[in-house]
Every structure is written in C-alpha cells, then in structure tokens.
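**Student:** Data: start14.cif, mmCIF, C-alpha atoms.
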data_model
#
loop_
_atom_site.label_atom_id
_atom_site.label_comp_id
_atom_site.auth_asym_id
_atom_site.auth_seq_id
_atom_site.Cartn_x
_atom_site.Cartn_y
_atom_site.Cartn_z
CA MET T 28 35.21 29.33 -16.30
CA ILE T 29 31.60 30.43 -16.05
CA SER T 30 30.43 27.02 -17.17
CA LEU T 31 32.63 25.49 -14.48
CA ALA T 32 31.01 27.72 -11.88
CA VAL T 33 27.58 26.71 -13.17
CA ILE T 34 28.51 23.03 -12.94
CA TRP T 35 29.73 23.55 -9.36
CA LEU T 36 26.46 25.27 -8.47
CA LEU T 37 24.42 22.53 -10.13
CA GLN T 38 26.30 19.91 -8.13
CA ASP T 39 25.66 21.93 -5.00
CA LEU T 40 21.93 22.19 -5.77
CA ALA T 41 21.77 18.48 -6.51
CA GLN T 42 23.41 17.79 -3.16
CA VAL T 43 20.91 20.08 -1.42
CA LEU T 44 18.07 18.14 -3.02
CA SER T 45 19.47 14.74 -2.09
CA MET T 46 20.89 15.71 1.29
CA GLY T 47 20.64 12.86 3.77
CA VAL T 48 19.81 10.39 1.02
CA LEU T 49 22.89 10.10 -1.17
CA LEU T 50 26.09 11.78 -2.24
CA VAL T 51 25.90 13.22 -5.70
CA PRO T 52 28.67 12.35 -8.16
CA ASP T 53 31.52 14.82 -8.50
CA PHE T 54 30.30 16.56 -11.66
CA PHE T 55 32.78 19.36 -11.04
CA LEU T 56 35.81 17.08 -11.13
CA LEU T 57 34.53 15.32 -14.27
CA THR T 58 34.10 18.71 -15.91
CA VAL T 59 37.64 19.70 -14.96
CA ALA T 60 38.94 16.43 -16.40
CA TYR T 61 37.03 17.17 -19.58
CA GLY T 62 38.45 20.70 -19.63
CA ILE T 63 42.00 19.33 -19.40
CA VAL T 64 41.70 16.93 -22.34
CA SER T 65 39.50 19.06 -24.57
CA GLY T 66 42.00 21.81 -25.25
CA PRO T 67 45.67 22.48 -25.80
CA LEU T 68 48.00 21.20 -23.12
CA GLY T 69 49.77 24.51 -22.57
CA LYS T 70 51.45 25.09 -19.21
CA GLU T 71 49.48 28.23 -18.31
CA ARG T 72 46.16 26.70 -19.29
CA ILE T 73 46.70 23.50 -17.34
CA SER T 74 47.99 25.45 -14.34
CA LEU T 75 44.83 27.51 -14.42
CA TRP T 76 42.71 24.33 -14.48
CA ILE T 77 44.63 23.02 -11.51
CA TRP T 78 43.90 26.11 -9.45
CA LEU T 79 40.28 26.16 -10.57
CA ALA T 80 39.92 22.56 -9.45
CA PHE T 81 41.58 23.45 -6.16
CA ALA T 82 39.29 26.46 -5.60
CA GLY T 83 36.16 24.44 -6.43
CA GLY T 84 37.25 21.75 -4.00
CA ILE T 85 37.92 24.24 -1.21
CA LEU T 86 34.51 25.83 -1.70
CA TRP T 87 32.87 22.39 -1.60
CA ASP T 88 34.68 21.55 1.62
CA PHE T 89 33.52 24.71 3.34
CA ARG T 90 29.99 24.35 2.04
CA TRP T 91 29.53 20.75 3.07
CA ALA T 92 31.60 20.83 6.26
CA VAL T 93 33.88 17.97 5.30
CA THR T 94 37.52 18.32 6.28
CA PRO T 95 38.42 21.70 4.74
CA GLY T 96 41.22 21.27 2.21
CA ILE T 97 40.68 17.61 1.38
CA SER T 98 38.75 18.25 -1.85
CA GLY T 99 41.26 20.91 -2.90
CA LEU T 100 44.10 18.49 -2.31
CA VAL T 101 42.37 15.60 -4.09
CA ASN T 102 41.22 17.71 -7.02
CA SER T 103 44.61 19.23 -7.71
CA LEU T 104 46.34 15.85 -7.54
CA SER T 105 43.63 14.23 -9.71
CA VAL T 106 43.91 16.94 -12.33
CA PHE T 107 47.68 16.60 -12.38
CA ALA T 108 47.37 12.82 -12.78
CA VAL T 109 44.86 13.21 -15.62
CA TYR T 110 47.10 15.72 -17.34
CA THR T 111 50.24 13.58 -16.93
CA ALA T 112 48.56 10.45 -18.30
CA TRP T 113 46.90 12.33 -21.15
CA ALA T 114 50.04 14.24 -22.14
CA GLY T 115 52.15 11.08 -21.85
CA THR T 116 49.92 9.21 -24.28
CA PRO T 117 50.69 9.58 -28.00
CA VAL T 118 48.14 11.66 -29.86
CA SER T 119 46.90 8.63 -31.75
CA GLY T 120 46.08 6.91 -28.46
CA ARG T 121 44.10 9.81 -27.04
CA GLY T 122 40.44 9.07 -27.39
CA VAL T 123 37.16 8.73 -25.60
CA TRP T 124 38.14 5.48 -23.89
CA LEU T 125 41.29 6.98 -22.41
CA PHE T 126 39.27 10.00 -21.28
CA ALA T 127 36.66 7.72 -19.71
CA LEU T 128 39.37 5.78 -17.91
CA LEU T 129 41.15 8.85 -16.57
CA ALA T 130 38.01 10.72 -15.54
CA GLY T 131 36.58 7.56 -13.98
CA MET T 132 39.76 6.96 -12.01
CA ALA T 133 39.81 10.58 -10.84
CA HIS T 134 36.19 10.27 -9.70
CA LEU T 135 36.93 7.03 -7.90
CA PHE T 136 40.03 8.48 -6.23
CA SER T 137 38.09 11.52 -5.07
CA GLY T 138 35.27 9.38 -3.66
CA MET T 139 37.70 7.07 -1.85
CA ALA T 140 39.61 9.99 -0.36
CA HIS T 141 36.43 11.47 1.03
CA TYR T 142 35.28 8.09 2.32
CA ILE T 143 38.59 7.55 4.13
CA THR T 144 38.40 10.94 5.82
CA TRP T 145 34.87 10.36 7.10
CA ALA T 146 34.81 10.05 10.86
CA ALA T 147 32.68 6.89 11.07
CA ALA T 148 33.10 4.25 8.38
CA SER T 149 29.71 2.64 8.83
CA GLN T 150 27.77 0.34 6.52
CA ALA T 151 25.64 3.31 5.49
CA ALA T 152 28.79 5.21 4.53
CA VAL T 153 29.97 2.30 2.36
CA ARG T 154 26.56 2.17 0.70
CA MET T 155 26.63 5.91 0.03
CA PHE T 156 30.11 5.62 -1.46
CA PHE T 157 29.04 2.86 -3.85
CA VAL T 158 25.86 4.67 -4.80
CA GLN T 159 27.87 7.78 -5.55
CA GLN T 160 30.25 5.81 -7.76
CA LEU T 161 27.36 4.08 -9.55
CA LEU T 162 25.64 7.40 -10.16
CA GLY T 163 28.94 8.68 -11.50
CA ILE T 164 28.75 6.20 -14.40
CA PRO T 165 25.92 7.99 -16.27
CA ALA T 166 27.58 11.32 -15.50
CA LEU T 167 30.80 9.96 -16.97
CA ALA T 168 28.84 8.70 -20.01
CA VAL T 169 27.46 12.20 -20.55
CA ALA T 170 30.97 13.66 -20.30
CA CYS T 171 32.19 11.11 -22.86
CA ALA T 172 29.29 11.96 -25.16
CA VAL T 173 30.15 15.66 -24.93
CA TYR T 174 33.78 14.82 -25.65
CA LEU T 175 32.79 12.78 -28.73
CA LEU T 176 30.52 15.56 -29.99
CA ARG T 177 33.33 18.05 -29.63
CA LEU T 178 35.73 15.66 -31.35
CA ASN T 179 33.37 15.19 -34.30
CA GLY T 180 32.74 18.93 -34.48
CA SER T 181 36.45 19.71 -34.65
CA ASN T 182 36.99 17.11 -37.41
CA VAL T 183 34.44 18.67 -39.73
CA MET Z 30 67.99 24.02 -12.12
CA ALA Z 31 64.91 25.96 -11.09
CA GLY Z 32 64.16 26.85 -14.72
CA LYS Z 33 63.87 23.15 -15.59
CA LEU Z 34 61.02 22.57 -13.12
CA ASN Z 35 57.73 21.75 -14.79
CA PRO Z 36 55.36 24.62 -13.83
CA ILE Z 37 52.38 22.27 -13.96
CA LEU Z 38 54.03 19.98 -11.45
CA VAL Z 39 54.95 22.97 -9.31
CA ASN Z 40 51.42 24.33 -9.40
CA SER Z 41 49.99 20.93 -8.54
CA LEU Z 42 52.36 20.49 -5.62
CA VAL Z 43 51.70 24.00 -4.36
CA ALA Z 44 47.94 23.45 -4.60
CA ALA Z 45 48.25 20.11 -2.83
CA PHE Z 46 50.42 21.70 -0.15
CA CYS Z 47 47.87 24.47 0.28
CA GLY Z 48 45.20 21.84 0.71
CA LEU Z 49 47.25 20.06 3.33
CA MET Z 50 47.97 23.30 5.14
CA LEU Z 51 44.31 24.19 5.10
CA MET Z 52 43.47 20.80 6.59
CA TRP Z 53 45.99 21.35 9.33
CA PHE Z 54 44.85 24.94 9.85
CA SER Z 55 41.18 24.03 10.11
CA TYR Z 56 42.10 21.26 12.55
CA ALA Z 57 44.30 23.54 14.68
CA PHE Z 58 42.12 26.68 14.47
CA GLN Z 59 38.53 25.59 14.25
CA TYR Z 60 36.93 28.98 14.75
CA PRO Z 61 38.27 30.66 11.55
CA ALA Z 62 37.39 27.55 9.54
CA ARG Z 63 33.86 27.63 10.87
CA ALA Z 64 33.57 31.32 10.19
CA ALA Z 65 34.66 30.75 6.60
CA ALA Z 66 32.15 27.92 6.25
CA ASP Z 67 29.39 30.15 7.63
CA LYS Z 68 30.34 32.90 5.21
CA ILE Z 69 30.16 30.58 2.20
CA ASN Z 70 26.87 29.09 3.41
CA SER Z 71 25.33 32.53 3.75
CA MET Z 72 26.54 33.43 0.26
CA LEU Z 73 24.86 30.32 -1.14
CA TYR Z 74 21.63 30.83 0.80
CA TYR Z 75 19.66 32.45 -2.02
CA PRO Z 76 21.04 30.39 -4.92
CA GLU Z 77 20.17 27.24 -2.99
CA LEU Z 78 16.74 28.44 -1.90
CA PRO Z 79 14.73 26.84 -4.76
CA ALA Z 80 16.44 23.48 -4.26
CA ARG Z 81 15.91 23.68 -0.51
CA GLU Z 82 12.22 24.54 -0.91
CA LEU Z 83 11.80 21.75 -3.44
CA ARG Z 84 13.41 19.31 -1.03
CA PHE Z 85 11.05 20.40 1.76
CA LEU Z 86 8.14 19.98 -0.62
CA VAL Z 87 9.24 16.48 -1.57
CA GLN Z 88 9.76 15.59 2.08
CA ALA Z 89 6.33 16.96 3.00
CA ALA Z 90 4.73 14.98 0.18
CA ASP Z 91 6.60 11.87 1.30
CA HIS Z 92 5.44 12.34 4.88
CA TRP Z 93 1.90 12.96 3.72
CA MET Z 94 1.92 9.78 1.66
CA ALA Z 95 3.35 7.76 4.56
CA GLU Z 96 0.81 9.21 6.99
CA ARG Z 97 -2.02 8.56 4.55
CA LYS Z 98 -0.93 4.96 4.12
CA SER Z 99 -0.69 4.52 7.87
CA LEU Z 100 -4.16 6.01 8.40
CA GLN Z 101 -5.66 3.85 5.68
CA GLU Z 102 -4.12 0.77 7.26
CA ARG Z 103 -5.46 1.81 10.64
CA ALA Z 104 -8.94 2.45 9.23
CA ARG Z 105 -8.90 -0.98 7.61
CA MET Z 106 -7.91 -2.62 10.89
CA LEU Z 107 -10.62 -0.72 12.77
CA GLU Z 108 -13.17 -1.69 10.15
CA GLN Z 109 -12.26 -5.36 10.51
CA GLU Z 110 -12.36 -5.05 14.28
CA ASN Z 111 -15.76 -3.36 14.04
CA ILE Z 112 -17.15 -6.16 11.89
CA ALA Z 113 -15.78 -8.77 14.30
CA LEU Z 114 -17.31 -6.93 17.28
CA ARG Z 115 -20.65 -6.56 15.52
CA THR Z 116 -20.69 -10.25 14.71
CA ALA Z 117 -19.77 -11.17 18.29
CA LEU Z 118 -22.43 -8.81 19.63
CA GLN Z 119 -25.05 -10.28 17.34
CA ARG Z 120 -24.11 -13.81 18.28
CA SER Z 121 -24.15 -13.03 21.99
CA GLY Z 122 -27.83 -12.07 21.73
CA VAL Z 123 -28.80 -15.37 20.16
CA SER Z 124 -29.75 -18.11 22.56
CA PRO Z 125 -28.64 -21.65 21.74
CA PRO Z 126 -31.20 -23.93 20.12
CA GLN Z 127 -33.62 -25.36 22.68
CA SER Z 128 -34.89 -28.93 22.47
CA VAL Z 129 -38.10 -29.83 24.26
CA PRO Z 130 -40.03 -33.10 24.08
CA GLY Z 131 -41.30 -33.42 20.52
CA LEU Z 132 -39.29 -30.45 19.27
CA LEU Z 133 -35.69 -30.77 18.17
CA GLY Z 134 -33.58 -27.61 18.45
CA ALA Z 135 -31.37 -26.89 15.44
CA SER Z 136 -29.05 -24.11 14.38
CA VAL Z 137 -29.20 -22.51 10.98
CA THR Z 138 -25.92 -23.25 9.19
CA LEU Z 139 -26.58 -21.80 5.76
CA ARG Z 140 -28.89 -19.28 4.12
CA TYR Z 141 -28.02 -18.32 0.58
CA PRO Z 142 -28.57 -14.65 -0.23
CA ASP Z 143 -30.15 -15.50 -3.59
CA ALA Z 144 -32.55 -17.95 -1.88
CA TRP Z 145 -33.01 -15.89 1.26
CA TRP Z 146 -36.78 -16.30 1.37
CA LYS Z 147 -36.81 -19.83 -0.04
CA GLU Z 148 -34.79 -22.17 2.13
CA ILE Z 149 -32.32 -22.55 4.94
CA ARG Z 150 -30.06 -25.38 6.09
CA VAL Z 151 -29.89 -26.60 9.69
CA ASP Z 152 -27.42 -28.79 11.54
CA LYS Z 153 -29.78 -31.66 12.34
CA GLY Z 154 -30.60 -34.54 10.02
CA SER Z 155 -31.87 -38.06 9.80
CA LEU Z 156 -29.52 -39.30 12.52
CA GLN Z 157 -31.29 -36.96 14.94
CA GLY Z 158 -34.75 -38.14 13.79
CA VAL Z 159 -35.60 -35.41 11.31
CA MET Z 160 -38.03 -36.53 8.61
CA THR Z 161 -39.01 -35.01 5.29
CA GLY Z 162 -42.14 -32.85 5.53
CA ALA Z 163 -41.76 -32.19 9.26
CA PRO Z 164 -42.84 -28.69 10.27
CA VAL Z 165 -40.20 -26.28 11.50
CA LEU Z 166 -40.95 -23.61 14.09
CA SER Z 167 -39.39 -20.44 15.39
CA ASP Z 168 -40.72 -18.39 18.30
CA GLY Z 169 -43.73 -20.71 18.36
CA PHE Z 170 -44.74 -20.11 14.73
CA MET Z 171 -44.27 -22.42 11.79
CA ILE Z 172 -41.66 -21.01 9.43
CA GLY Z 173 -41.35 -23.90 6.97
CA ARG Z 174 -41.00 -27.62 6.57
CA VAL Z 175 -38.21 -30.06 5.95
CA SER Z 176 -37.71 -30.55 2.21
CA ARG Z 177 -34.47 -32.56 2.01
CA ILE Z 178 -32.41 -34.33 4.63
CA GLY Z 179 -28.96 -35.71 5.07
CA GLU Z 180 -27.50 -37.58 8.00
CA ASN Z 181 -26.47 -34.45 9.86
CA TYR Z 182 -28.26 -31.68 8.06
CA ALA Z 183 -31.63 -30.80 6.66
CA TRP Z 184 -32.92 -28.20 4.21
CA ILE Z 185 -36.01 -26.28 5.26
CA GLU Z 186 -38.41 -24.82 2.71
CA LEU Z 187 -39.61 -21.52 4.15
CA VAL Z 188 -43.23 -20.37 4.19
CA THR Z 189 -42.13 -17.33 2.20
CA SER Z 190 -41.10 -19.55 -0.74
CA SER Z 191 -43.34 -19.41 -3.80
CA THR Z 192 -43.24 -23.20 -3.98
CA PHE Z 193 -44.52 -23.55 -0.42
CA LEU Z 194 -48.19 -24.63 -0.38
CA LEU Z 195 -49.94 -25.65 2.82
CA ALA Z 196 -53.55 -25.95 3.90
CA ALA Z 197 -54.33 -23.45 6.66
CA VAL Z 198 -57.32 -22.29 8.62
CA VAL Z 199 -58.38 -18.97 10.08
CA VAL Z 200 -58.93 -20.03 13.65
CA ASP Z 201 -61.70 -17.57 14.46
CA THR Z 202 -63.87 -18.26 11.41
CA TRP Z 203 -62.81 -21.80 10.44
CA ASP Z 204 -62.28 -20.66 6.87
CA LEU Z 205 -59.87 -22.85 4.95
CA GLY Z 206 -57.25 -21.57 2.56
CA VAL Z 207 -53.76 -22.25 1.27
CA ILE Z 208 -50.61 -20.63 2.60
CA ASN Z 209 -48.19 -19.57 -0.11
CA GLY Z 210 -45.06 -17.36 -0.25
CA ASP Z 211 -43.86 -14.99 -2.95
CA ASP Z 212 -40.04 -15.26 -2.65
CA ILE Z 213 -39.80 -11.67 -1.42
CA GLY Z 214 -40.69 -12.15 2.21
CA ASN Z 215 -44.50 -12.12 2.16
CA ILE Z 216 -46.88 -14.90 3.21
CA TRP Z 217 -50.29 -15.06 1.59
CA LEU Z 218 -53.46 -16.89 2.52
CA MET Z 219 -54.86 -17.86 -0.89
CA TYR Z 220 -58.08 -19.20 -2.34
CA MET Z 221 -60.42 -17.70 0.21
CA PRO Z 222 -64.09 -17.62 -0.75
CA PRO Z 223 -65.25 -14.34 -2.41
CA GLY Z 224 -66.65 -11.66 -0.12
CA LYS Z 225 -64.80 -12.90 2.94
CA GLU Z 226 -63.53 -10.25 5.29
CA PHE Z 227 -61.15 -10.84 8.14
CA SER Z 228 -60.09 -8.45 10.78
CA ASN Z 229 -56.41 -8.00 11.41
CA ASP Z 230 -54.65 -10.09 14.02
CA MET Z 231 -56.82 -13.12 13.42
CA LEU Z 232 -54.69 -16.21 13.93
CA VAL Z 233 -53.96 -18.51 11.01
CA SER Z 234 -52.83 -22.03 11.81
CA THR Z 235 -52.24 -25.30 10.05
CA ALA Z 236 -55.21 -27.37 9.04
CA LEU Z 237 -55.41 -31.12 9.35
CA VAL Z 238 -53.39 -32.44 6.43
CA GLY Z 239 -51.83 -35.70 7.49
CA ASP Z 240 -50.01 -37.54 10.24
CA TYR Z 241 -46.75 -35.77 9.66
CA LEU Z 242 -48.28 -32.32 10.10
CA PRO Z 243 -50.58 -31.85 13.06
CA PRO Z 244 -53.28 -29.16 12.89
CA GLY Z 245 -53.25 -26.03 15.04
CA ILE Z 246 -49.64 -24.94 14.58
CA PRO Z 247 -49.67 -21.12 14.40
CA LEU Z 248 -48.54 -19.68 11.07
CA GLY Z 249 -49.14 -15.98 11.69
CA LEU Z 250 -51.74 -13.25 11.97
CA ILE Z 251 -53.94 -11.75 9.26
CA ALA Z 252 -52.36 -8.45 8.20
CA GLY Z 253 -54.78 -7.23 5.56
CA PRO Z 254 -56.22 -8.09 2.17
CA GLY Z 255 -54.24 -8.18 -1.02
CA GLU Z 256 -55.22 -7.44 -4.63
CA THR Z 257 -58.31 -9.33 -5.84
CA LYS Z 258 -57.71 -11.53 -8.88
CA ASP Z 259 -60.24 -13.74 -10.62
CA GLY Z 260 -62.73 -12.99 -7.87
CA LEU Z 261 -60.40 -14.26 -5.15
CA THR Z 262 -58.83 -12.04 -2.53
CA PRO Z 263 -55.59 -13.19 -0.94
CA PHE Z 264 -54.80 -12.08 2.58
CA ARG Z 265 -51.39 -11.20 3.80
CA VAL Z 266 -50.24 -13.12 6.84
CA ALA Z 267 -47.66 -11.67 9.21
CA SER Z 268 -45.51 -14.38 10.69
CA GLY Z 269 -44.97 -14.29 14.43
CA ALA Z 270 -41.39 -15.47 13.88
CA ARG Z 271 -38.54 -13.14 12.95
CA LEU Z 272 -37.97 -14.51 9.50
CA THR Z 273 -35.16 -12.09 8.73
CA GLN Z 274 -33.13 -13.28 11.71
CA LEU Z 275 -33.32 -17.03 11.85
CA TYR Z 276 -30.49 -18.39 13.95
CA ASN Z 277 -32.18 -21.26 15.77
CA VAL Z 278 -35.28 -23.26 14.86
CA GLN Z 279 -37.21 -26.20 16.25
CA ILE Z 280 -38.15 -29.21 14.17
CA LEU Z 281 -41.26 -31.14 15.10
CA LEU Z 282 -40.44 -34.80 15.50
CA SER Z 283 -43.03 -37.33 14.46
CA SER Z 284 -44.84 -39.16 17.25
CA ASN Z 285 -43.13 -42.45 16.28
CA GLU Z 286 -39.70 -40.88 16.45
CA GLU Z 287 -40.58 -39.17 19.67
CA GLY Z 288 -41.63 -42.51 21.10
CA ASN Z 289 -38.39 -44.09 19.94
CA SER Z 290 -36.26 -41.34 21.40
CA SER Z 291 -38.07 -41.40 24.72
#
What does this structure look like when you write it as structure tokens?
**Tutor:**
Amino acid sequence: MISLAVIWLLQDLAQVLSMGVLLVPDFFLLTVAYGIVSGPLGKERISLWIWLAFAGGILWDFRWAVTPGISGLVNSLSVFAVYTAWAGTPVSGRGVWLFALLAGMAHLFSGMAHYITWAAASQAAVRMFFVQQLLGIPALAVACAVYLLRLNGSNV
Amino acid sequence: MAGKLNPILVNSLVAAFCGLMLMWFSYAFQYPARAAADKINSMLYYPELPARELRFLVQAADHWMAERKSLQERARMLEQENIALRTALQRSGVSPPQSVPGLLGASVTLRYPDAWWKEIRVDKGSLQGVMTGAPVLSDGFMIGRVSRIGENYAWIELVTSSTFLLAAVVVDTWDLGVINGDDIGNIWLMYMPPGKEFSNDMLVSTALVGDYLPPGIPLGLIAGPGETKDGLTPFRVASGARLTQLYNVQILLSSNEEGNSS
C-alpha cells in the first residue's frame, strides 16, 4: 500500500514536471494491475485493490481538476476487468503476455475515458493522448519486467 | 440470493457508482468539489515543491536559451547590415573614374590580398586602347604601369612591387636613379651616387625612357634616406597617390592611340 502511494506521488511529480507539455502515463493503474495479478485472487484482497484504485483515481481527479470521479470510476472498472480476465484464464495460460495485454488495455481504456471527457477535443488533445499511450509502452515494459522477475524469484 | 453475489463484483459496482455519484455531485455542487480540490492541492504543495522548482528551472533555462539564440541571430543580422552600410558608405565617397584627353579612366576590379602591393586589375583593356607598358596614374601620381592586357581588362604592376624598375629623376637636382618597390608598400629611389643628400619633399618624376613613357610624370616626394649598402644610399619616396585605397585610376594612352580616338 505504501509502494502504491509512492507510485501515485511519483506520477504526480512527473505530471508537475511535464505540465503543459504532455500527459504522463498512468503508472498508478499499471501498478494496481500488477498488484492484482501478482498475488492470490482472494475476495478481500481484490476488493481492497479495487478501493485503492478508486481512491487513487479520486485523488488524481481532485489534484488535476479533471471531472472529479471519472478516474475513480475508470480505475475500479478497469481493475475489475483485469481481475475477471485473469481469474477466468486457466493457471497455465497466465503469463507475462496476458498481463501485458490486460494492463495495456486498462491503460488504453483509462486514457480514452479521460480523452472523451475533455471539454475540447482538439488536435493537440489527440496528440497528447497518443503521446501518453506511447509513453505508456516503456512503463508497461517495466511492469512486465518486474512481473517476470517476481515470477522467476517465486520459482526458485 | 444475496449470499451468492460476488463481493468483488459488488465492490466494483459500488466503487463505480460512487464515482458516478461524485461526478454528478461535483457537477451539481461545484463549490464543495472545488474546496476539496483546493484542500488536496494544499496538502501536496510541499511534496510537489522540488518538482515545481525543477520545472521552473528548466523553463527558465529554456527561455534563456531561446533568448540567447534570438540575440545571437539579431547580432548577426546587425553585423551584416553594418558591413553592408560600411561598404555603401565607402563606395559613396569614391568618385567614378574620370577620362580626360590622353588619360583613360578605369576602375579597379581586383586586388589580391597576397599581391596587395604588386598588382591590380582594371576594367579597361585593349579594346579601349590600353597598351602594355603604359603608365597608370592616381591623384596625378604614377602608381604603376600596364603589365598584361586583355580585351576588356588590364593588369597593372604597382610601383611598390619588387619587380618594378623605372628610371626616375629628382627634379630639383637632376639626379638620375631607379624606382623600385619592396612588396610591403615602400617605394625606393635606388642607385643614387654616393654622398648625395636630398631634402624631404623633393619631387621625383619619370625620366625619359622611351616613347611609351613620357618624362616628367610625378612619382612621389623624397621622404628620407634608407640604409646604405655597398656605398649606395637608397631614398624612400612617398607616393602622392593613396596606394592603400585605389578605386579608380587613369591610364595614359599613347599619342598614336590618342590621335586615333580623337
């Protein structure tokens, strides 16, 4: 939970640094997706992740003056979708590629939801959306690398 | 029935509903939403301070770089404009070449830096009656003679060239000598008899050499003795022409050519 707070703060600091230039990728949501798949799929644990994702989203909305509630809504639905797909996949099929797909889709869904709720859909907004998604690729790669490291560590 | 509900699904739906409600609430009651946003912003003020300062620093550096580039560009433009104005000013003070009977006005078109004191090129040639060996004047003083000609140009060997040799006479004393340059801007009156002394400002002019070079053309004024070698003392001659600023010259036409042209 502390690491999640740190990731949220790092994303916030990155956004402060790049304010007016670009939208930083949603590191927080990627971390939540990683948190879902990297542990047991117990009901209490997943429910806690859902509310953590919701709280992080709400804080982000208030901090960055986007429509308050939108990130909370998107995050909770994204986390539920990631959980459902991950839990519905046989254990043998759960791997880094599935994680990359689910986390990537969650990131894309979050970005699109924010883009749709922006007041003015200008060319600059489209560019910022695509830049955010492109920057999300290396972030996703890092998340996948962490997942693989954890997987290898648990196999030893 | 209620016990069969998936708690994860319930939590997700409740969270999503809360999000929706919050969206509606913040739309319907803007003041509380803004107050909450202000509260969170003030809480994050200090944690964000380093990032904010760093951003200001980067922006300041970016502005400084842009301003520096703009100033450099402006300085370059002003420098070019200054050079153009200087050139225009210099040219405006130069009168066009004057032709008088027997003297053909010509403009200097080329003067190599590495042969600055040796030769110049002018825009008149054989089609205008210029002949090899003809004396060339500026401000009434001989500054050289034609060494090579083309149809529309001629090369002038300057009196300051070390290869320039011409018989000359000190007008006041009728002493004969040879005018010679040294490639660094000086003119020397050579081969004067030993023990000769000349006062400054004595006029040196051409001696009778041949048909193509009439005697009595001023070359310059005695400006003092040089270093004695082998018993001979050369005398420095100061040209009456501004040899460093040759824009226009006059070429002496031969009497035959003058007769033809008239």
**Student:** Place a sphere of radius 7 Å on (-29.3, -25.1, 12.0) in the file coordinates and name every protein, DNA or RNA residue with an atom inside or on its surface, counting all atoms listed in the file; give the answer as a ChimeraX atom specification.
**Tutor:** /Z:135-138,150-153,277-278
**Student:** Please identify all polymer residues lying at most 10 Å from the point (41.6, 10.7, -4.2) (file coordinates), using all atoms listed in the file, and present the result as a list in words.
**Tutor:**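 The distance filter leaves exactly Ile97, Ser98, Leu100, Val101, Asn102, Ser103, Leu104, Ser105, Met132, Ala133, His134, Leu135, Phe136, Ser137, Gly138, Met139, Ala140, His141, Tyr142 and Ile143 of chain T.
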**Student:** Let's have the selection written as a tab-separated table (two decimals), in the coordinates of the input, with C-alpha atoms.
**Tutor:**
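Everything below was put into out.tsv:
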chain	number	residue	atom	x	y	z
T	97	ILE	CA	40.68	17.61	1.38
T	98	SER	CA	38.75	18.25	-1.85
T	100	LEU	CA	44.10	18.49	-2.31
T	101	VAL	CA	42.37	15.60	-4.09
T	102	ASN	CA	41.22	17.71	-7.02
T	103	SER	CA	44.61	19.23	-7.71
T	104	LEU	CA	46.34	15.85	-7.54
T	105	SER	CA	43.63	14.23	-9.71
T	132	MET	CA	39.76	6.96	-12.01
T	133	ALA	CA	39.81	10.58	-10.84
T	134	HIS	CA	36.19	10.27	-9.70
T	135	LEU	CA	36.93	7.03	-7.90
T	136	PHE	CA	40.03	8.48	-6.23
T	137	SER	CA	38.09	11.52	-5.07
T	138	GLY	CA	35.27	9.38	-3.66
T	139	MET	CA	37.70	7.07	-1.85
T	140	ALA	CA	39.61	9.99	-0.36
T	141	HIS	CA	36.43	11.47	1.03
T	142	TYR	CA	35.28	8.09	2.32
T	143	ILE	CA	38.59	7.55	4.13
**Student:** Which residues would end up in the selection if the PyMOL selection byres ((chain Z) within 7 of (chain T)) were applied here, given that I need the answer as JSON, numbers by chain?
**Tutor:** {"Z": [36, 37, 40, 41, 44, 45, 48, 49, 51, 52, 55, 65, 66, 69, 70, 77, 80, 81, 84]}
**Student:** Would you kindly translate the PyMOL selection byres ((chain Z and resi 210) around 8) into the concrete residues it picks from this file, as a PyMOL selection string?
**Tutor:** chain Z and resi 188-194+208-209+211-217
**Student:** With 3 Å on each side, where is the centre of the axis-aligned box around all listed atoms of segment 170-177 of chain T, and how long are its edges in Å to one decimal, as lines of an AutoDock Vina configuration file?
**Tutor:**
center_x = 31.5
center_y = 14.6
center_z = -25.1
size_x = 10.5
size_y = 12.9
size_z = 15.7
**Student:** Provide the atom CA of Arg115 of chain Z to atom CA of Ala183 of chain Z distance in Å, to one decimal place.
**Tutor:**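 Atom-to-atom, atom CA of Arg115 of chain Z and atom CA of Ala183 of chain Z are spaced 28.0 Å apart.
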**Student:** What does the structure give for the distance between atom CA of Val87 of chain Z and atom CA of Met155 of chain T, in Å to one decimal?
**Tutor:**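 Distance between the two atoms: 20.4 Å.
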**Student:** Which residues, written as a ChimeraX atom specification, have at least one atom at most 12 Å from Ala152 of chain T, with only C-alpha atoms counted and residues fewer than 3 positions away on the same chain left out?
**Tutor:** /T:47-50,138-139,141-149,155-159
**Student:** List the spatial neighbours of Ser128 of chain Z as a list in words - criterion: any atom at most 12 Å away, only C-alpha atoms, same-chain residues fewer than 3 positions off excluded.
**Tutor:**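 The contact residues come out as Ser124, Pro125, Gly131, Leu132, Leu133, Gly134, Ala135, Ser136, Lys153, Gln157, Leu166, Ser167, Asn277, Val278, Gln279, Ile280, Leu281 and Leu282 of chain Z.
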